[in-house]
Every structure is written in C-alpha cells, then in structure tokens.
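Content type mmCIF, C-alpha atoms, from the file query.cif:
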data_target
#
loop_
_atom_site.group_PDB
_atom_site.id
_atom_site.type_symbol
_atom_site.label_atom_id
_atom_site.label_comp_id
_atom_site.auth_asym_id
_atom_site.auth_seq_id
_atom_site.Cartn_x
_atom_site.Cartn_y
_atom_site.Cartn_z
ATOM 1 C CA MET G 1 153.879 134.030 84.439
ATOM 2 C CA MET G 2 154.009 130.699 82.618
ATOM 3 C CA LYS G 3 151.221 128.235 83.371
ATOM 4 C CA ASP G 4 151.569 126.728 86.856
ATOM 5 C CA GLN G 5 155.059 128.164 87.438
ATOM 6 C CA LYS G 6 156.295 127.217 90.906
ATOM 7 C CA PRO G 7 156.903 129.945 93.496
ATOM 8 C CA ASN G 8 160.465 131.152 93.225
ATOM 9 C CA SER G 9 161.044 132.300 96.774
ATOM 10 C CA ILE G 10 159.059 129.748 98.783
ATOM 11 C CA GLN G 11 160.568 126.521 100.009
ATOM 12 C CA ASN G 12 158.778 123.318 99.024
ATOM 13 C CA ASP G 13 158.343 122.297 102.645
ATOM 14 C CA ASN G 14 155.675 124.971 103.044
ATOM 15 C CA PRO G 15 152.264 123.257 103.364
ATOM 16 C CA MET G 16 150.689 125.071 100.390
ATOM 17 C CA ALA G 17 153.785 125.058 98.157
ATOM 18 C CA GLY G 18 152.737 124.620 94.547
ATOM 19 C CA LYS G 19 149.023 124.942 95.320
ATOM 20 C CA ILE G 20 147.159 127.411 93.125
ATOM 21 C CA CYS G 21 144.693 129.529 95.085
ATOM 22 C CA LEU G 22 142.173 132.203 94.125
ATOM 23 C CA VAL G 23 140.721 134.484 96.798
ATOM 24 C CA THR G 24 137.963 136.925 95.888
ATOM 25 C CA GLY G 25 137.482 140.192 97.737
ATOM 26 C CA ALA G 26 141.077 139.984 98.872
ATOM 27 C CA THR G 27 142.083 143.630 99.199
ATOM 28 C CA ALA G 28 140.739 144.206 102.724
ATOM 29 C CA GLY G 29 139.367 142.509 105.816
ATOM 30 C CA ILE G 30 139.270 138.732 106.158
ATOM 31 C CA GLY G 31 139.900 138.248 102.444
ATOM 32 C CA LYS G 32 143.227 140.041 102.653
ATOM 33 C CA VAL G 33 144.224 138.152 105.793
ATOM 34 C CA THR G 34 143.254 134.851 104.164
ATOM 35 C CA ALA G 35 145.222 135.638 101.016
ATOM 36 C CA THR G 36 148.282 136.680 103.015
ATOM 37 C CA ALA G 37 148.179 133.448 105.028
ATOM 38 C CA LEU G 38 147.957 131.320 101.872
ATOM 39 C CA ALA G 39 150.909 133.165 100.360
ATOM 40 C CA ALA G 40 152.889 132.745 103.582
ATOM 41 C CA GLN G 41 152.308 128.992 103.328
ATOM 42 C CA GLY G 42 153.759 128.930 99.823
ATOM 43 C CA ALA G 43 150.674 129.081 97.612
ATOM 44 C CA MET G 44 150.668 130.396 94.065
ATOM 45 C CA LEU G 45 148.118 133.087 94.747
ATOM 46 C CA VAL G 46 145.678 135.079 92.646
ATOM 47 C CA ILE G 47 143.817 137.828 94.477
ATOM 48 C CA ASN G 48 140.680 139.474 93.182
ATOM 49 C CA GLY G 49 139.668 143.065 93.808
ATOM 50 C CA ARG G 50 137.612 145.810 92.146
ATOM 51 C CA ASN G 51 140.048 148.699 92.197
ATOM 52 C CA LYS G 52 143.224 148.301 90.144
ATOM 53 C CA GLN G 53 145.434 150.525 92.291
ATOM 54 C CA LYS G 54 144.278 148.972 95.557
ATOM 55 C CA THR G 55 144.551 145.431 94.226
ATOM 56 C CA GLU G 56 148.069 145.954 92.882
ATOM 57 C CA ALA G 57 149.099 147.588 96.157
ATOM 58 C CA THR G 58 147.752 144.563 98.037
ATOM 59 C CA VAL G 59 149.778 142.235 95.817
ATOM 60 C CA GLN G 60 152.952 144.149 96.624
ATOM 61 C CA GLN G 61 152.163 144.189 100.329
ATOM 62 C CA ILE G 62 151.581 140.426 100.411
ATOM 63 C CA ILE G 63 154.817 139.814 98.509
ATOM 64 C CA SER G 64 156.695 142.084 100.914
ATOM 65 C CA GLU G 65 155.229 140.463 104.028
ATOM 66 C CA THR G 66 155.570 136.828 102.933
ATOM 67 C CA GLY G 67 158.512 136.766 100.535
ATOM 68 C CA ASN G 68 156.322 134.870 98.076
ATOM 69 C CA GLN G 69 156.837 136.325 94.594
ATOM 70 C CA SER G 70 154.062 134.202 93.059
ATOM 71 C CA VAL G 71 151.191 136.557 93.826
ATOM 72 C CA GLN G 72 149.083 137.869 90.970
ATOM 73 C CA SER G 73 146.014 140.113 90.714
ATOM 74 C CA SER G 74 142.827 139.734 88.715
ATOM 75 C CA LEU G 75 140.294 142.547 88.607
ATOM 76 C CA ALA G 76 136.525 142.054 88.655
ATOM 77 C CA ASP G 77 133.615 143.972 90.110
ATOM 78 C CA PHE G 78 131.073 141.379 91.242
ATOM 79 C CA SER G 79 128.171 143.705 90.466
ATOM 80 C CA ASP G 80 128.986 143.092 86.780
ATOM 81 C CA LEU G 81 128.678 139.452 85.713
ATOM 82 C CA GLN G 82 130.621 140.066 82.514
ATOM 83 C CA GLN G 83 133.600 141.000 84.653
ATOM 84 C CA VAL G 84 133.145 137.726 86.552
ATOM 85 C CA ARG G 85 133.211 135.871 83.233
ATOM 86 C CA ASP G 86 136.358 137.754 82.236
ATOM 87 C CA LEU G 87 137.972 136.872 85.563
ATOM 88 C CA ALA G 88 137.283 133.164 85.030
ATOM 89 C CA ALA G 89 138.503 133.272 81.422
ATOM 90 C CA ALA G 90 141.728 135.035 82.398
ATOM 91 C CA PHE G 91 142.369 132.531 85.175
ATOM 92 C CA LYS G 92 141.843 129.526 82.888
ATOM 93 C CA GLN G 93 144.156 131.033 80.296
ATOM 94 C CA ARG G 94 146.903 131.416 82.897
ATOM 95 C CA TYR G 95 146.498 128.193 84.906
ATOM 96 C CA SER G 96 145.691 124.582 84.039
ATOM 97 C CA HIS G 97 144.010 123.829 87.364
ATOM 98 C CA LEU G 98 142.817 125.408 90.621
ATOM 99 C CA ASP G 99 143.444 123.890 94.041
ATOM 100 C CA VAL G 100 141.618 126.338 96.311
ATOM 101 C CA LEU G 101 138.828 128.796 95.546
ATOM 102 C CA VAL G 102 137.831 131.073 98.421
ATOM 103 C CA ASN G 103 134.550 132.815 97.606
ATOM 104 C CA ASN G 104 135.044 135.632 100.063
ATOM 105 C CA ALA G 105 133.850 138.751 98.213
ATOM 106 C CA GLY G 106 130.662 140.174 99.651
ATOM 107 C CA ALA G 107 128.892 143.391 100.424
ATOM 108 C CA PHE G 108 126.101 144.938 102.464
ATOM 109 C CA PHE G 109 123.824 147.631 101.045
ATOM 110 C CA ASN G 110 121.664 149.721 103.348
ATOM 111 C CA SER G 111 119.493 150.898 100.431
ATOM 112 C CA ARG G 112 117.975 148.855 97.639
ATOM 113 C CA ILE G 113 119.833 149.093 94.320
ATOM 114 C CA ASP G 114 118.309 147.481 91.248
ATOM 115 C CA THR G 115 120.461 145.618 88.719
ATOM 116 C CA PRO G 116 120.087 144.503 85.087
ATOM 117 C CA TYR G 117 119.962 140.874 86.251
ATOM 118 C CA GLY G 118 116.505 140.877 87.816
ATOM 119 C CA VAL G 119 117.667 140.966 91.432
ATOM 120 C CA GLU G 120 118.842 143.659 93.808
ATOM 121 C CA ILE G 121 122.559 144.192 94.204
ATOM 122 C CA THR G 122 123.109 142.313 97.484
ATOM 123 C CA PHE G 123 121.880 139.056 95.987
ATOM 124 C CA LEU G 124 123.899 139.705 92.838
ATOM 125 C CA VAL G 125 127.232 140.388 94.546
ATOM 126 C CA ASN G 126 126.933 137.895 97.398
ATOM 127 C CA HIS G 127 125.339 134.953 95.589
ATOM 128 C CA LEU G 128 124.993 135.158 91.815
ATOM 129 C CA ALA G 129 128.570 136.324 91.186
ATOM 130 C CA PRO G 130 130.284 133.556 93.201
ATOM 131 C CA PHE G 131 127.750 131.048 91.836
ATOM 132 C CA LEU G 132 128.762 132.008 88.299
ATOM 133 C CA LEU G 133 132.492 132.127 89.033
ATOM 134 C CA THR G 134 132.463 128.689 90.655
ATOM 135 C CA ASN G 135 130.507 127.174 87.780
ATOM 136 C CA LEU G 136 132.884 128.678 85.236
ATOM 137 C CA LEU G 137 135.855 127.233 87.141
ATOM 138 C CA PHE G 138 134.361 123.744 87.664
ATOM 139 C CA ASP G 139 136.609 122.021 85.142
ATOM 140 C CA THR G 140 139.652 123.865 86.430
ATOM 141 C CA LEU G 141 138.884 122.703 89.965
ATOM 142 C CA LYS G 142 138.279 119.129 88.825
ATOM 143 C CA ALA G 143 141.687 119.186 87.126
ATOM 144 C CA SER G 144 143.330 119.515 90.548
ATOM 145 C CA PRO G 145 144.344 116.313 92.359
ATOM 146 C CA SER G 146 142.450 117.594 95.394
ATOM 147 C CA ALA G 147 140.520 120.861 95.255
ATOM 148 C CA ARG G 148 138.665 122.875 97.863
ATOM 149 C CA ILE G 149 135.945 125.505 97.592
ATOM 150 C CA VAL G 150 135.426 127.729 100.635
ATOM 151 C CA ASN G 151 132.226 129.796 100.689
ATOM 152 C CA VAL G 152 132.126 132.604 103.235
ATOM 153 C CA SER G 153 128.565 132.803 104.539
ATOM 154 C CA SER G 154 127.271 134.113 107.873
ATOM 155 C CA GLU G 155 125.150 133.166 110.866
ATOM 156 C CA GLY G 156 122.984 135.975 109.542
ATOM 157 C CA HIS G 157 121.620 133.424 107.067
ATOM 158 C CA LYS G 158 119.213 132.341 109.812
ATOM 159 C CA GLN G 159 117.418 135.693 109.685
ATOM 160 C CA ASP G 160 115.618 135.177 106.362
ATOM 161 C CA GLN G 161 114.155 132.616 103.975
ATOM 162 C CA MET G 162 114.190 132.216 100.197
ATOM 163 C CA ASP G 163 111.246 134.101 98.678
ATOM 164 C CA PHE G 164 111.254 133.135 95.010
ATOM 165 C CA ASP G 165 108.296 135.418 94.346
ATOM 166 C CA ASP G 166 110.308 138.462 95.392
ATOM 167 C CA LEU G 167 114.038 137.728 95.202
ATOM 168 C CA GLY G 168 114.591 141.379 94.348
ATOM 169 C CA PHE G 169 112.895 142.740 97.486
ATOM 170 C CA LYS G 170 110.628 144.908 95.348
ATOM 171 C CA LYS G 171 107.786 144.757 97.886
ATOM 172 C CA SER G 172 109.884 146.034 100.760
ATOM 173 C CA TYR G 173 113.605 146.307 101.389
ATOM 174 C CA PHE G 174 115.600 146.025 104.585
ATOM 175 C CA GLY G 175 119.366 145.785 104.266
ATOM 176 C CA MET G 176 119.909 143.118 106.891
ATOM 177 C CA LYS G 177 117.142 140.917 105.440
ATOM 178 C CA ALA G 178 118.657 141.180 101.968
ATOM 179 C CA TYR G 179 122.088 140.339 103.370
ATOM 180 C CA ALA G 180 120.655 137.384 105.311
ATOM 181 C CA ARG G 181 118.961 136.003 102.195
ATOM 182 C CA SER G 182 122.173 136.228 100.182
ATOM 183 C CA LYS G 183 124.069 134.400 102.913
ATOM 184 C CA LEU G 184 121.351 131.726 103.063
ATOM 185 C CA ALA G 185 121.804 131.353 99.310
ATOM 186 C CA ASN G 186 125.505 130.682 99.980
ATOM 187 C CA ILE G 187 124.521 127.775 102.227
ATOM 188 C CA PHE G 188 122.021 126.346 99.738
ATOM 189 C CA PHE G 189 124.655 126.671 97.007
ATOM 190 C CA THR G 190 127.257 124.850 99.110
ATOM 191 C CA TYR G 191 124.993 121.908 99.892
ATOM 192 C CA GLU G 192 123.645 121.586 96.358
ATOM 193 C CA LEU G 193 127.138 121.873 94.887
ATOM 194 C CA GLU G 194 128.312 119.063 97.170
ATOM 195 C CA ARG G 195 125.481 116.856 95.918
ATOM 196 C CA ARG G 196 126.312 117.650 92.285
ATOM 197 C CA MET G 197 130.029 117.022 92.795
ATOM 198 C CA LYS G 198 129.804 113.694 94.611
ATOM 199 C CA ASN G 199 132.501 111.240 93.638
ATOM 200 C CA THR G 200 134.799 114.027 92.496
ATOM 201 C CA ASN G 201 138.034 115.310 94.005
ATOM 202 C CA VAL G 202 136.455 118.666 94.939
ATOM 203 C CA MET G 203 135.460 119.438 98.522
ATOM 204 C CA VAL G 204 133.121 122.369 99.232
ATOM 205 C CA ASN G 205 132.251 123.883 102.603
ATOM 206 C CA ALA G 206 130.685 127.065 103.937
ATOM 207 C CA LEU G 207 131.546 129.015 107.046
ATOM 208 C CA HIS G 208 130.601 131.780 109.427
ATOM 209 C CA PRO G 209 133.647 133.993 110.084
ATOM 210 C CA GLY G 210 132.221 135.560 113.226
ATOM 211 C CA HIS G 211 131.170 139.156 113.696
ATOM 212 C CA VAL G 212 134.155 140.967 112.273
ATOM 213 C CA ALA G 213 135.088 144.641 112.269
ATOM 214 C CA THR G 214 135.720 145.319 108.574
ATOM 215 C CA ASP G 215 135.214 148.089 106.023
ATOM 216 C CA ILE G 216 131.709 146.779 105.285
ATOM 217 C CA TRP G 217 130.431 149.163 107.964
ATOM 218 C CA LYS G 218 132.272 152.171 106.589
ATOM 219 C CA THR G 219 131.244 151.599 102.972
ATOM 220 C CA SER G 220 127.637 150.599 103.657
ATOM 221 C CA PHE G 221 126.821 153.563 105.886
ATOM 222 C CA PRO G 222 128.699 156.553 104.413
ATOM 223 C CA VAL G 223 127.635 158.983 107.137
ATOM 224 C CA ILE G 224 127.852 156.919 110.311
ATOM 225 C CA GLY G 225 129.943 154.076 108.919
ATOM 226 C CA PRO G 226 133.309 155.139 110.394
ATOM 227 C CA ALA G 227 131.721 155.422 113.830
ATOM 228 C CA LEU G 228 130.064 152.021 113.409
ATOM 229 C CA LYS G 229 133.373 150.462 112.443
ATOM 230 C CA TRP G 230 135.020 152.014 115.509
ATOM 231 C CA ILE G 231 132.269 150.619 117.754
ATOM 232 C CA MET G 232 132.540 147.208 116.093
ATOM 233 C CA LYS G 233 136.263 147.139 116.793
ATOM 234 C CA LEU G 234 135.444 147.306 120.496
ATOM 235 C CA ILE G 235 133.086 144.321 120.470
ATOM 236 C CA ALA G 236 133.832 142.309 117.310
ATOM 237 C CA LEU G 237 136.538 139.961 116.113
ATOM 238 C CA THR G 238 139.558 141.287 114.293
ATOM 239 C CA PRO G 239 139.939 140.379 110.602
ATOM 240 C CA GLU G 240 142.740 138.045 111.664
ATOM 241 C CA GLN G 241 140.391 136.184 114.006
ATOM 242 C CA GLY G 242 137.612 136.183 111.432
ATOM 243 C CA ALA G 243 139.852 134.757 108.722
ATOM 244 C CA ASP G 244 140.895 131.775 110.824
ATOM 245 C CA ASN G 245 137.982 129.617 109.650
ATOM 246 C CA SER G 246 138.663 130.391 105.972
ATOM 247 C CA ILE G 247 142.368 129.614 106.317
ATOM 248 C CA TYR G 248 141.587 126.397 108.191
ATOM 249 C CA LEU G 249 139.168 125.126 105.546
ATOM 250 C CA ALA G 250 141.517 126.126 102.736
ATOM 251 C CA THR G 251 144.670 124.511 104.131
ATOM 252 C CA SER G 252 144.173 122.064 106.994
ATOM 253 C CA PRO G 253 144.741 118.351 106.298
ATOM 254 C CA GLU G 254 142.121 117.678 108.976
ATOM 255 C CA VAL G 255 139.341 118.719 106.567
ATOM 256 C CA ALA G 256 140.881 117.404 103.350
ATOM 257 C CA GLU G 257 138.073 114.853 102.924
ATOM 258 C CA ILE G 258 135.207 116.787 104.537
ATOM 259 C CA THR G 259 132.615 118.317 102.250
ATOM 260 C CA GLY G 260 129.104 119.753 102.303
ATOM 261 C CA LYS G 261 129.368 121.179 105.822
ATOM 262 C CA TYR G 262 128.874 124.533 107.531
ATOM 263 C CA PHE G 263 131.671 125.548 109.902
ATOM 264 C CA VAL G 264 131.796 127.870 112.887
ATOM 265 C CA LYS G 265 135.060 128.187 114.845
ATOM 266 C CA ARG G 266 136.619 125.285 112.926
ATOM 267 C CA GLU G 267 133.766 122.954 113.809
ATOM 268 C CA PRO G 268 130.986 121.656 111.540
ATOM 269 C CA VAL G 269 127.638 122.813 112.969
ATOM 270 C CA GLN G 270 124.000 122.816 111.921
ATOM 271 C CA SER G 271 122.865 125.641 109.682
ATOM 272 C CA SER G 272 119.228 126.787 109.679
ATOM 273 C CA PRO G 273 116.666 123.979 109.249
ATOM 274 C CA ILE G 274 115.402 125.382 105.955
ATOM 275 C CA SER G 275 118.913 125.345 104.472
ATOM 276 C CA TYR G 276 118.689 121.541 104.235
ATOM 277 C CA ASP G 277 115.620 121.620 101.977
ATOM 278 C CA GLU G 278 116.876 120.020 98.752
ATOM 279 C CA ASN G 279 113.865 121.168 96.730
ATOM 280 C CA ILE G 280 114.570 124.799 97.550
ATOM 281 C CA ALA G 281 118.266 124.293 96.819
ATOM 282 C CA GLN G 282 117.519 122.792 93.411
ATOM 283 C CA LYS G 283 115.082 125.578 92.554
ATOM 284 C CA LEU G 284 117.599 128.221 93.629
ATOM 285 C CA TRP G 285 120.246 126.549 91.461
ATOM 286 C CA GLU G 286 117.951 126.564 88.427
ATOM 287 C CA ILE G 287 116.985 130.213 88.944
ATOM 288 C CA SER G 288 120.630 131.170 89.476
ATOM 289 C CA GLU G 289 121.592 129.405 86.257
ATOM 290 C CA SER G 290 118.881 131.261 84.388
ATOM 291 C CA LEU G 291 119.873 134.649 85.820
ATOM 292 C CA THR G 292 123.571 134.154 85.032
ATOM 293 C CA SER G 293 123.196 132.622 81.562
#
Show the structure stored in the file as structure tokens.
Amino acid sequence: MMKDQKPNSIQNDNPMAGKICLVTGATAGIGKVTATALAAQGAMLVINGRNKQKTEATVQQIISETGNQSVQSSLADFSDLQQVRDLAAAFKQRYSHLDVLVNNAGAFFNSRIDTPYGVEITFLVNHLAPFLLTNLLFDTLKASPSARIVNVSSEGHKQDQMDFDDLGFKKSYFGMKAYARSKLANIFFTYELERRMKNTNVMVNALHPGHVATDIWKTSFPVIGPALKWIMKLIALTPEQGADNSIYLATSPEVAEITGKYFVKREPVQSSPISYDENIAQKLWEISESLTS
C-alpha cells in the first residue's frame, strides 16, 4: 500500500474514513471487536497479532465483514521488545501519521516467568511493550491533525501498588497481583503521558472494559482454562460489550478534546488514589525508559 492511501471500498461519509488506526492484540476478544468496528467506520486499519496465520486470517475476516479493503497486519510478540521496535519502524515506513493507537494487547500469567528485561513477563507485555510502542510512535501521532491514544487498563489496577524494590515479583508471585500492578502501570502511564503531551494535538485516555469472557482464561490456565472461560461467559460481558468503551474513546466526537482520564462505561471516573501520585508516575516513567532503552 502507498503511504496514507485512502480506503477503496469505504464511502467518505463514514465517521472514520481516512483515519489511520493501529490496534494491538487485535486477533481475538475486545481487540478484534474494536478493530472490526473501526474498519466498519471506514478507518485505514493496521492490526497487530503474534501469530502470522491467525493475524492474516483476522485481516481477511474483517475485510469480509466490513467491506473495507484497507486492513493490514503487522506482527509483533510483546514479550520481545525488539519485535515492538520492528512494529513501530514498519508502521512509520508505511504511514506518515497515526490518528488512533489502541494499546489493547495484554496477558495474564498464572506462573511467574522471568524475562531478559529485568521484570517478569506480565509487566513486560502489559506495560513496558505498549510504553515503548507509544514512545516510538510519538512523532507519528503528533503528525496527525487530531490523534487519540486509548490504553486498555482494568479495575483490577486497584488491587496492587507500585513496588519499585521488587517490580519483578521475585520475593513472591501471585498472578492476579502481577496483573493488577501492570494495569496500575497503564494508569500511571496515561496520566504522565497526558502531562508530557500538554498543548499537543494528542489525547490519551485509559479505560476499564468490564469483566469480559475472553481467551485470557483459556490461555492462562491450560488445564482448567476452557471451563473457566465457559463459566465467565455465564456471568461476564461479551467481547462486544467489553469493546464498547475502546470504540467510544477511539471514535466519538464527544471525547475529541478529553484527555488524561480513566473511563468506565463511557464515563470518566476516579481511578485508585495512588494512581494520581505524580512522583510515582515520574519514577515509573524513568524506570520504564531505562528498561526499554
């Protein structure tokens, strides 16, 4: 595709016509629903996934469902920061600007897995990878007349704090605590990014999608995961319901000028008290820069 080529099967009266959007973790769950909705509204869409076959199949499915031919794939496993760098480089080579970045990719790990980056894998995938990707795409976002960053966090962020003495959970590991800390990091990142991007054309917000029945249960608990996912389907939101907040923040004119907020059910709400501590946010930013350099 030539740089910034307009969609060839989407009418210009679609609300996202001509907008360039990148959605990470877009091959399943709320990421896939979000990506499909953006394509249906006319966006020039790039979806990120880890598996080539699955990602390419998702591209074809979105094209088939929406009629939008301007859907591309870009592979990157967020447990490998070099792949994140390659993803950003490939995007910048293809496009001159970015209108919407949805940092949706995330994972839950029931057991602690060490990484070469000095943190355990939950913190790497859920925080450091999107932190790096967003930083690498800063100039591309600023080149848009009006850009939006949507960070998918969780109400689970209220279940932990930021322990800089043991970010890697080496003393003791509990999957839900590690997940909560990574989601708290998403909130800190959102607020600090808003402060650093004041007086720019880039809006950044975080959200809680709700408790959604997705493949995170099946992949995180190999033995009982399918049963957990089945149970969750009985009591949790569908991916379509969970993606509503992401789609709203990515597309709605109502939030075009709103930034630095945390949304639940399309409404800005208070995140945990500690998430507003600017000193912690600045320290997390500095540590994240060091770990991703």
Shell of 7 Å around region 175-190 of chain G, all atoms listed in the file, local chain residues under 2 positions omitted, as a list in words: Phe108, Phe109, Asn110, Ser111, Thr122, Phe123, Asn126, His127, Asn151, Ser153, Ser154, Gly156, His157, Lys158, Gln159, Asp160, Gln161, Met162, Tyr173, Glu192, Leu193, Glu194, Val204, Asn205, Ala206, Gly260, Ser275 and Ala281 of chain G
Quick one: write out the picked residues with C-alpha atoms as a compact mmCIF listing (two decimals), in the frame of the given file?
# COMPACT_ATOMS: atom_id res chain seq x y z
CA PHE G 108 126.10 144.94 102.46
CA PHE G 109 123.82 147.63 101.04
CA ASN G 110 121.66 149.72 103.35
CA SER G 111 119.49 150.90 100.43
CA THR G 122 123.11 142.31 97.48
CA PHE G 123 121.88 139.06 95.99
CA ASN G 126 126.93 137.90 97.40
CA HIS G 127 125.34 134.95 95.59
CA ASN G 151 132.23 129.80 100.69
CA SER G 153 128.56 132.80 104.54
CA SER G 154 127.27 134.11 107.87
CA GLY G 156 122.98 135.98 109.54
CA HIS G 157 121.62 133.42 107.07
CA LYS G 158 119.21 132.34 109.81
CA GLN G 159 117.42 135.69 109.68
CA ASP G 160 115.62 135.18 106.36
CA GLN G 161 114.16 132.62 103.98
CA MET G 162 114.19 132.22 100.20
CA TYR G 173 113.60 146.31 101.39
CA GLU G 192 123.64 121.59 96.36
CA LEU G 193 127.14 121.87 94.89
CA GLU G 194 128.31 119.06 97.17
CA VAL G 204 133.12 122.37 99.23
CA ASN G 205 132.25 123.88 102.60
CA ALA G 206 130.68 127.06 103.94
CA GLY G 260 129.10 119.75 102.30
CA SER G 275 118.91 125.34 104.47
CA ALA G 281 118.27 124.29 96.82
Between CA of Val84 (chain G) and CA of Gln282 (chain G) - distance in Å to one decimal: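 So the answer is 22.7 Å.
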Nearest candidate to Thr200 (chain G) (options G:Ala143, G:Val150, G:Ala129, G:Leu38; using only C-alpha atoms):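 Between G:Ala143, G:Val150, G:Ala129, G:Leu38, the residue approaching Thr200 (chain G) most closely is G:Ala143.
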Result set of the PyMOL selection byres ((chain G and resi 288) around 10) on the coordinates above, as a list in words: Leu124, His127, Leu128, Ala129, Phe131, Leu132, Ala185, Phe189, Gln282, Lys283, Leu284, Trp285, Glu286, Ile287, Glu289, Ser290, Leu291, Thr292 and Ser293 of chain G
Contacts of Gly42 (chain G) at 7 Å (only C-alpha atoms; same-chain gap of 2+ positions) as number ranges by chain: G: 10, 14-18, 38-40, 44, 68
Who sits within 10 Å of Lys265 (chain G), only C-alpha atoms, same chain under 2 positions skipped, as number ranges by chain: G: 207-210, 241-242, 244-246, 248, 263, 267-269
Restricting it to C-alpha atoms, dump the selection as a PDB file, keeping the file's coordinate frame.
ATOM      1  CA  LEU G 207     131.546 129.015 107.046  1.00  0.00           C
ATOM      2  CA  HIS G 208     130.601 131.780 109.427  1.00  0.00           C
ATOM      3  CA  PRO G 209     133.647 133.993 110.084  1.00  0.00           C
ATOM      4  CA  GLY G 210     132.221 135.560 113.226  1.00  0.00           C
ATOM      5  CA  GLN G 241     140.391 136.184 114.006  1.00  0.00           C
ATOM      6  CA  GLY G 242     137.612 136.183 111.432  1.00  0.00           C
ATOM      7  CA  ASP G 244     140.895 131.775 110.824  1.00  0.00           C
ATOM      8  CA  ASN G 245     137.982 129.617 109.650  1.00  0.00           C
ATOM      9  CA  SER G 246     138.663 130.391 105.972  1.00  0.00           C
ATOM     10  CA  TYR G 248     141.587 126.397 108.191  1.00  0.00           C
ATOM     11  CA  PHE G 263     131.671 125.548 109.902  1.00  0.00           C
ATOM     12  CA  GLU G 267     133.766 122.954 113.809  1.00  0.00           C
ATOM     13  CA  PRO G 268     130.986 121.656 111.540  1.00  0.00           C
ATOM     14  CA  VAL G 269     127.638 122.813 112.969  1.00  0.00           C
TER      15      VAL G 269
END
Interatomic distance, CA of Ser70 (chain G) to CA of Glu56 (chain G) (Å, one decimal):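 These atoms are spaced 13.2 Å apart.
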Run the PyMOL selection byres ((chain G and resi 21-28) around 7) mentally over the shown coordinates, then write out the matched residues as a compact mmCIF listing (two decimals) with C-alpha atoms, in the coordinates of the input, using the chain letters and numbers from the document.
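Below is the file that was written, part-v8.txt:
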# COMPACT_ATOMS: atom_id res chain seq x y z
CA LYS G 19 149.02 124.94 95.32
CA ILE G 20 147.16 127.41 93.12
CA GLY G 29 139.37 142.51 105.82
CA ILE G 30 139.27 138.73 106.16
CA GLY G 31 139.90 138.25 102.44
CA LYS G 32 143.23 140.04 102.65
CA ALA G 35 145.22 135.64 101.02
CA ALA G 43 150.67 129.08 97.61
CA MET G 44 150.67 130.40 94.06
CA LEU G 45 148.12 133.09 94.75
CA VAL G 46 145.68 135.08 92.65
CA ILE G 47 143.82 137.83 94.48
CA ASN G 48 140.68 139.47 93.18
CA GLY G 49 139.67 143.06 93.81
CA LYS G 54 144.28 148.97 95.56
CA THR G 55 144.55 145.43 94.23
CA THR G 58 147.75 144.56 98.04
CA LEU G 98 142.82 125.41 90.62
CA ASP G 99 143.44 123.89 94.04
CA VAL G 100 141.62 126.34 96.31
CA LEU G 101 138.83 128.80 95.55
CA VAL G 102 137.83 131.07 98.42
CA ASN G 103 134.55 132.82 97.61
CA ASN G 104 135.04 135.63 100.06
CA ALA G 105 133.85 138.75 98.21
Given only C-alpha atoms as the counted atoms, nearest of G:Val119, G:Ala107, G:Leu137, G:Leu75 to Gln93 (chain G):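 Closest candidate: G:Leu137.
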Of the listed residues G:Met203, G:Ala90, G:Ile113, G:Leu81, that which approaches Leu141 (chain G) most closely, counting all atoms listed in the file: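 Closest to Leu141 (chain G) of all the choices is G:Met203.
For the pair CA of Pro130 (chain G) and CA of Asp86 (chain G), the interatomic distance is 13.2 Å.
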Nearest to Leu136 (chain G) by atom-to-atom distance, counting only C-alpha atoms, from G:Phe91, G:Tyr117, G:Phe169, G:Phe174: G:Phe91
Proximity to Thr259 (chain G) - best of G:Arg112, G:Arg195, G:Arg50, G:Arg94, only C-alpha atoms: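 For Thr259 (chain G), the nearest of the candidates is G:Arg195.
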Nearest residue to Pro239 (chain G) from the set G:His97, G:His211, G:Ser272, G:Lys171 (distances using all atoms listed in the file):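 Of all the options, G:His211 lies closest to Pro239 (chain G).
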The centre and edge lengths of an axis-aligned box containing all atoms of region 45-55 of chain G present in the file, extended by 5 Å on each side, are to be given in Å to one decimal, as AutoDock Vina command-line options.
--center_x 142.9 --center_y 141.8 --center_z 92.9 --size_x 20.5 --size_y 27.4 --size_z 15.4
